[in-house]
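Everything on this sheet refers to the single structure shown next.
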Amino acid sequence: MADADIIFGKGKRVEIGVVQFDCAVSETHTAENVVTDHPVEDGSNITDHIKSLPRTIEVNGLVSNAPIVLEEDPRPSPITTDTGEVIDRVQTAYKKLEEIRVAGELVDVVTTLNEYKNMALTSYAVTRDAQNGNILNALLSLREVIITTTEKIEAPEPVDKSKNKTANKGKKLPKDANTEQEAKSQSVLRSLAGSFVGG
């Protein structure tokens, strides 16, 4: 246990949801950014955006039917948050992991390095052989699910166009009236022109 203390710190156990591991053989914490760039005229690339991807973690954890007892906490690590006594801890841990996977449940992950919220169990692999039949040796991969919140706002009231005032352009004569008025004007002009010519 001294080696595990050096790597993971005293009194710390890895927890994935309700499953608490007796020992974590390894943890791999991954955080990535995507950098987008575009070429410009001289051929060089310029970076215009950096986007963080969801974090991932891979844990190789062990659960045993003969659990490791820590000096700081003489009780065996519980398999779940249930208070009832667990007889076969290996089977119980395996069933709990399968429940989390099938339900698509988001879980909190506690490690010695960091704590993660809203993690989805993307995969797990359990290795069994004749020598470790009494141990659950599980390799788990989890990915962060980023949850956003939406805010509701009231939409502005639409403008009532019927209330808009229009400019007063005076009386408009009907089209037929305009034609009659034009004919009268033409007639008056002709008669005036005729009187000048004839006179």
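Chain labels run A, B, ... following the order of the structure tokens; each chain numbers its residues from 1, and ligands are numbered from 1 in the order shown.
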**Report entry** Exercise: Leu136 (chain A) partners within 10 Å, only C-alpha atoms, chain neighbours under 5 positions left out, as a list in words
**Finding:**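 After dropping sequence-adjacent residues, the list is Phe21, Gly61, Leu62, Val63, Ser64, Asn65, Arg89, Val90, Gln91, Thr92, Ala93, Tyr94, Val126, Thr127 and Arg128 of chain A.
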Using N, CA and C atoms, can you write the selected residues to a file as an mmCIF file, in the first residue's frame?
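Printed below is result_27.cif as written:
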data_model
loop_
_atom_site.group_PDB
_atom_site.id
_atom_site.type_symbol
_atom_site.label_atom_id
_atom_site.label_comp_id
_atom_site.auth_asym_id
_atom_site.auth_seq_id
_atom_site.Cartn_x
_atom_site.Cartn_y
_atom_site.Cartn_z
ATOM 1 N N PHE A 21 -13.638 2.368 -5.229
ATOM 2 C CA PHE A 21 -12.625 1.344 -5.474
ATOM 3 C C PHE A 21 -11.687 1.228 -4.283
ATOM 4 N N GLY A 61 -9.271 0.527 -11.845
ATOM 5 C CA GLY A 61 -9.545 0.371 -10.423
ATOM 6 C C GLY A 61 -9.813 -1.070 -10.036
ATOM 7 N N LEU A 62 -9.564 -1.367 -8.754
ATOM 8 C CA LEU A 62 -9.761 -2.721 -8.220
ATOM 9 C C LEU A 62 -10.754 -2.700 -7.078
ATOM 10 N N VAL A 63 -11.629 -3.694 -7.083
ATOM 11 C CA VAL A 63 -12.521 -3.949 -5.943
ATOM 12 C C VAL A 63 -12.319 -5.402 -5.571
ATOM 13 N N SER A 64 -12.205 -5.655 -4.263
ATOM 14 C CA SER A 64 -11.907 -7.016 -3.801
ATOM 15 C C SER A 64 -12.941 -7.476 -2.785
ATOM 16 N N ASN A 65 -13.097 -8.802 -2.689
ATOM 17 C CA ASN A 65 -13.930 -9.363 -1.619
ATOM 18 C C ASN A 65 -13.165 -9.426 -0.303
ATOM 19 N N ARG A 89 -18.755 -8.205 -2.813
ATOM 20 C CA ARG A 89 -18.469 -6.831 -3.231
ATOM 21 C C ARG A 89 -18.128 -6.758 -4.719
ATOM 22 N N VAL A 90 -17.477 -7.788 -5.249
ATOM 23 C CA VAL A 90 -17.072 -7.805 -6.655
ATOM 24 C C VAL A 90 -18.312 -7.802 -7.551
ATOM 25 N N GLN A 91 -19.265 -8.708 -7.266
ATOM 26 C CA GLN A 91 -20.504 -8.772 -8.058
ATOM 27 C C GLN A 91 -21.301 -7.472 -7.940
ATOM 28 N N THR A 92 -21.375 -6.936 -6.718
ATOM 29 C CA THR A 92 -22.136 -5.700 -6.487
ATOM 30 C C THR A 92 -21.533 -4.548 -7.281
ATOM 31 N N ALA A 93 -20.210 -4.422 -7.268
ATOM 32 C CA ALA A 93 -19.544 -3.339 -8.003
ATOM 33 C C ALA A 93 -19.789 -3.480 -9.498
ATOM 34 N N TYR A 94 -19.687 -4.713 -10.003
ATOM 35 C CA TYR A 94 -19.896 -4.950 -11.434
ATOM 36 C C TYR A 94 -21.325 -4.572 -11.841
ATOM 37 N N VAL A 126 -13.616 -5.373 -18.010
ATOM 38 C CA VAL A 126 -13.281 -6.117 -16.789
ATOM 39 C C VAL A 126 -12.423 -7.320 -17.180
ATOM 40 N N THR A 127 -11.261 -7.420 -16.554
ATOM 41 C CA THR A 127 -10.354 -8.537 -16.825
ATOM 42 C C THR A 127 -10.495 -9.567 -15.712
ATOM 43 N N ARG A 128 -10.746 -10.831 -16.108
ATOM 44 C CA ARG A 128 -10.876 -11.922 -15.136
ATOM 45 C C ARG A 128 -9.979 -13.081 -15.579
#
Requested in this report: Considering only C-alpha atoms, state which residue in the set A:Pro67, A:Glu115, A:Glu105, A:Ser185 is at the smallest distance from Asn134 (chain A).
Outcome: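 Among the listed residues, A:Pro67 lies closest to Asn134 (chain A).
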Query raised in the report: Out of A:Val19, A:Ala155, A:Val25, A:Leu113, which residue has the shortest atom-to-atom distance to Asn137 (chain A) when counting only C-alpha atoms?
Result: A:Val25
**Report entry** Point-to-point distance in Å for CA of Lys51 (chain A) and CA of His38 (chain A)
**Finding:**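 If I compute the distance from CA of His38 (chain A) to CA of Lys51 (chain A), I get 15.0 Å.
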Requested in this report: Compile the contact shell of His49 (chain A) as number ranges by chain: residues with an atom at most 8 Å away, counting only C-alpha atoms, same-chain residues fewer than 2 positions apart removed.
Outcome: A: 35-37, 47, 51
Query raised in the report: Where does DSSP see helix (DSSP H, G or I) in region 44-141 of chain A, if you list the residues as a list in words?
Result: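 Across region 44-141 of chain A, those assigned helix (DSSP H, G or I) are Arg89, Val90, Gln91, Thr92, Ala93, Tyr94, Lys95, Lys96, Leu97, Glu98, Glu99, Ile100, Arg101, Val102 and Ala103 of chain A.
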